[in-house]
Amino acid sequence: MKIVSQAFSKRAMKWQIQSLTYLSAALLIFEAGARPALGDQLQQPISFQVQKGDVAKAEKLTDELAALSSRVNREEAKLLAECAFATVTKLRREYRMFGTPIFNNFLIYHGLRKRGYCYQWSEDLLIAIDALRLKSLELHWGEYDPNTWRENNCIVVTAKGQPFNRGIMLECWRHLGHLYFGLVASDYEHYVENSGYARSVLAKSAATNAHQPYGERSASDQQPSGANHRAPIHKSIVANRKTGD
C-alpha cells in the first residue's frame, strides 16, 4: 500500500510540473503577442488639430521645410508645421488678441492683457516645437533691431547643421497672432541670431516643468518677462537688455 501511495505521489508531482511548464509557455507566448500592441500604444504618433483655414498653409510650410535639405525628414517637417499652426491658434485664444499689434502691446503694457508681445509669441512657440525633439531640423532665435523700441522676434527653422540665414522664419506678432513664414534672408526686417536667449528660454521652461510633476502649465500661464524686453508701443519705453544678449 505504501509503494502504491509513493507511485501515485510521484505521478501527481510529475503532472504538476508538466502543468506549470505548459502554463509558463502559454504566458510567454501571450506576452510576446501582447508586447507589440503595448508598444504601439506607447509610441502612437503625435498629431495636432490644424484649423481648416490653415491646412493648406501648413502643407506649404511642410514643403518649404522639406526643401531646406535632402536630409530633412518630411514627416518631421509636417509635424513641425502642424505644431506651429495649432500652437499659434491656441495662443491666439489665450492671449485674447485685439485691435492692431501695437494696440495689443498697449493693452499688455497697462495690464489689460497678460501676454502677446512679439518675444512672448516666439518664446511660447519655441517651447512647443522644441518639445517635439526633432532630429533633422534645428530651431534658432531671431531678433530684428534688438534692444530698441522697434525690436521684433521670430523663430527660425533650419535643416540640421545649416546656418541661420538659410532658414525659414516663423513670426506671429506682425499679423496679430496669425503665423507668417518665409525665408528669413528675404524678409524686410533683417534678423540676427541670438542663440544665448534661445537657450535661456528653454532652460527656464525645463526648470519650470521640473517643479510641476503633476501637470504642466501652458507656456502662456508662465510669468511674463516683459521687464527684460522692449515692447514696440512708443519710443519712450525703456527696458533692460534681454538675458543672453
# chains A, B, ... in the order shown; residues from 1 in each chain; ligands from 1
>>> residues_around(residues="Asn104 (chain A)", least_positions_apart="4", cutoff="10 Å", atoms="only C-alpha atoms", output="list in words")
Tyr95, Arg96, Met97, Phe98, Gly99, Thr100, Ile108, Tyr109, Leu112, Arg113, Arg115, Gly116, Tyr117, Trp173, Leu176 and Ile233 of chain A
>>> write_last_selection(atoms="N, CA and C atoms", output="mmCIF file, in the first residue's frame")
data_model
loop_
_atom_site.group_PDB
_atom_site.id
_atom_site.type_symbol
_atom_site.label_atom_id
_atom_site.label_comp_id
_atom_site.auth_asym_id
_atom_site.auth_seq_id
_atom_site.Cartn_x
_atom_site.Cartn_y
_atom_site.Cartn_z
ATOM 1 N N TYR A 95 -4.159 84.547 -25.544
ATOM 2 C CA TYR A 95 -3.694 85.937 -25.457
ATOM 3 C C TYR A 95 -4.826 86.942 -25.619
ATOM 4 N N ARG A 96 -5.934 86.504 -26.229
ATOM 5 C CA ARG A 96 -7.094 87.379 -26.490
ATOM 6 C C ARG A 96 -6.663 88.622 -27.281
ATOM 7 N N MET A 97 -6.062 88.371 -28.420
ATOM 8 C CA MET A 97 -5.560 89.462 -29.260
ATOM 9 C C MET A 97 -6.701 90.377 -29.692
ATOM 10 N N PHE A 98 -6.386 91.672 -29.739
ATOM 11 C CA PHE A 98 -7.417 92.662 -30.068
ATOM 12 C C PHE A 98 -6.787 93.852 -30.756
ATOM 13 N N GLY A 99 -7.492 94.351 -31.775
ATOM 14 C CA GLY A 99 -7.032 95.564 -32.451
ATOM 15 C C GLY A 99 -5.844 95.297 -33.349
ATOM 16 N N THR A 100 -4.847 96.144 -33.262
ATOM 17 C CA THR A 100 -3.625 96.002 -34.037
ATOM 18 C C THR A 100 -2.521 95.467 -33.121
ATOM 19 N N ILE A 108 -1.245 95.182 -23.080
ATOM 20 C CA ILE A 108 -0.368 94.382 -22.217
ATOM 21 C C ILE A 108 0.417 95.288 -21.270
ATOM 22 N N TYR A 109 0.928 96.363 -21.827
ATOM 23 C CA TYR A 109 1.759 97.290 -21.054
ATOM 24 C C TYR A 109 0.997 97.859 -19.863
ATOM 25 N N LEU A 112 -3.908 95.097 -19.145
ATOM 26 C CA LEU A 112 -5.231 94.662 -19.606
ATOM 27 C C LEU A 112 -5.162 93.352 -20.385
ATOM 28 N N ARG A 113 -3.965 92.936 -20.728
ATOM 29 C CA ARG A 113 -3.715 91.629 -21.322
ATOM 30 C C ARG A 113 -2.481 91.054 -20.638
ATOM 31 N N ARG A 115 -0.282 88.445 -21.963
ATOM 32 C CA ARG A 115 0.839 88.177 -22.873
ATOM 33 C C ARG A 115 0.455 88.557 -24.288
ATOM 34 N N GLY A 116 1.467 88.584 -25.165
ATOM 35 C CA GLY A 116 1.220 88.883 -26.562
ATOM 36 C C GLY A 116 2.272 89.768 -27.194
ATOM 37 N N TYR A 117 3.322 90.138 -26.427
ATOM 38 C CA TYR A 117 4.457 90.829 -27.028
ATOM 39 C C TYR A 117 5.116 89.895 -28.040
ATOM 40 N N TRP A 173 3.662 87.910 -34.379
ATOM 41 C CA TRP A 173 3.208 89.178 -33.833
ATOM 42 C C TRP A 173 2.685 90.148 -34.897
ATOM 43 N N LEU A 176 -0.978 89.817 -35.868
ATOM 44 C CA LEU A 176 -1.905 89.717 -34.732
ATOM 45 C C LEU A 176 -2.240 88.265 -34.393
ATOM 46 N N ILE A 233 5.668 99.982 -28.581
ATOM 47 C CA ILE A 233 4.460 100.778 -28.394
ATOM 48 C C ILE A 233 4.755 102.227 -28.765
#
>>> residues_around(residues="region 123-137 of chain A", least_positions_apart="6", cutoff="9 Å", atoms="only C-alpha atoms", output="ChimeraX atom specification")
/A:46,65,71-73,76-77,79-80,83-84,87-88,91,154-155,157-161,170,198,201-202,205,218-220
>>> atom_distance(atom1="CA of Lys204 (chain A)", atom2="CA of Lys114 (chain A)")
18.6 Å
>>> atom_distance(atom1="CA of Glu64 (chain A)", atom2="CA of Lys78 (chain A)")
10.1 Å
>>> residues_around(residues="Glu171 (chain A)", least_positions_apart="5", cutoff="8 Å", atoms="only C-alpha atoms", output="number ranges by chain")
A: 122, 153-155, 179-181
>>> write_last_selection(atoms="C-alpha atoms", output="tab-separated table (two decimals), in the first residue's frame")
chain	number	residue	atom	x	y	z
A	122	SER	CA	8.33	83.42	-30.06
A	153	ASN	CA	11.46	88.40	-32.61
A	154	CYS	CA	10.83	85.18	-34.50
A	155	ILE	CA	11.80	81.53	-34.61
A	179	LEU	CA	1.52	82.64	-38.35
A	180	TYR	CA	3.70	84.08	-41.09
A	181	PHE	CA	6.54	82.06	-42.58
>>> closest_residue(among="A:Ala67, A:Ala58, A:Val50, A:Cys118", to="His175 (chain A)", atoms="only C-alpha atoms")
A:Cys118
>>> closest_residue(among="A:Ala81, A:Glu151, A:Arg93, A:Leu107", to="Ala66 (chain A)", atoms="only C-alpha atoms")
A:Ala81
>>> select_by_dssp(residues="region 49-156 of chain A", states="alpha helix (DSSP H)", output="VMD selection string")
chain A and resid 55 to 66 74 to 95 101 to 109 118 to 130
>>> atom_distance(atom1="CA of Ser47 (chain A)", atom2="CA of Glu82 (chain A)")
7.9 Å
>>> select_by_dssp(residues="region 66-170 of chain A", states="strand (DSSP E or B)", output="PyMOL selection string")
chain A and resi 137-144+152-159+168-170
>>> write_last_selection(atoms="C-alpha atoms", output="PDB file, in the first residue's frame")
ATOM      1  CA  LEU A 137      15.551  70.261 -38.089  1.00  0.00           C
ATOM      2  CA  GLU A 138      17.009  72.878 -35.750  1.00  0.00           C
ATOM      3  CA  LEU A 139      15.445  75.902 -34.062  1.00  0.00           C
ATOM      4  CA  HIS A 140      17.025  79.340 -33.739  1.00  0.00           C
ATOM      5  CA  TRP A 141      16.013  82.598 -32.054  1.00  0.00           C
ATOM      6  CA  GLY A 142      15.866  85.565 -34.414  1.00  0.00           C
ATOM      7  CA  GLU A 143      15.693  89.229 -33.479  1.00  0.00           C
ATOM      8  CA  TYR A 144      15.345  92.389 -35.506  1.00  0.00           C
ATOM      9  CA  ASN A 152      10.769  92.071 -33.203  1.00  0.00           C
ATOM     10  CA  ASN A 153      11.459  88.398 -32.610  1.00  0.00           C
ATOM     11  CA  CYS A 154      10.833  85.184 -34.503  1.00  0.00           C
ATOM     12  CA  ILE A 155      11.801  81.528 -34.612  1.00  0.00           C
ATOM     13  CA  VAL A 156      13.991  80.417 -37.493  1.00  0.00           C
ATOM     14  CA  VAL A 157      13.990  76.771 -38.571  1.00  0.00           C
ATOM     15  CA  THR A 158      16.924  75.296 -40.466  1.00  0.00           C
ATOM     16  CA  ALA A 159      17.953  71.837 -41.561  1.00  0.00           C
ATOM     17  CA  ILE A 168      12.614  79.720 -42.612  1.00  0.00           C
ATOM     18  CA  MET A 169      11.232  82.229 -40.142  1.00  0.00           C
ATOM     19  CA  LEU A 170       8.067  81.685 -38.099  1.00  0.00           C
TER      20      LEU A 170
END
>>> closest_residue(among="A:Leu183, A:Ala207, A:Val192, A:Ile102", to="Leu61 (chain A)", atoms="only C-alpha atoms")
A:Leu183
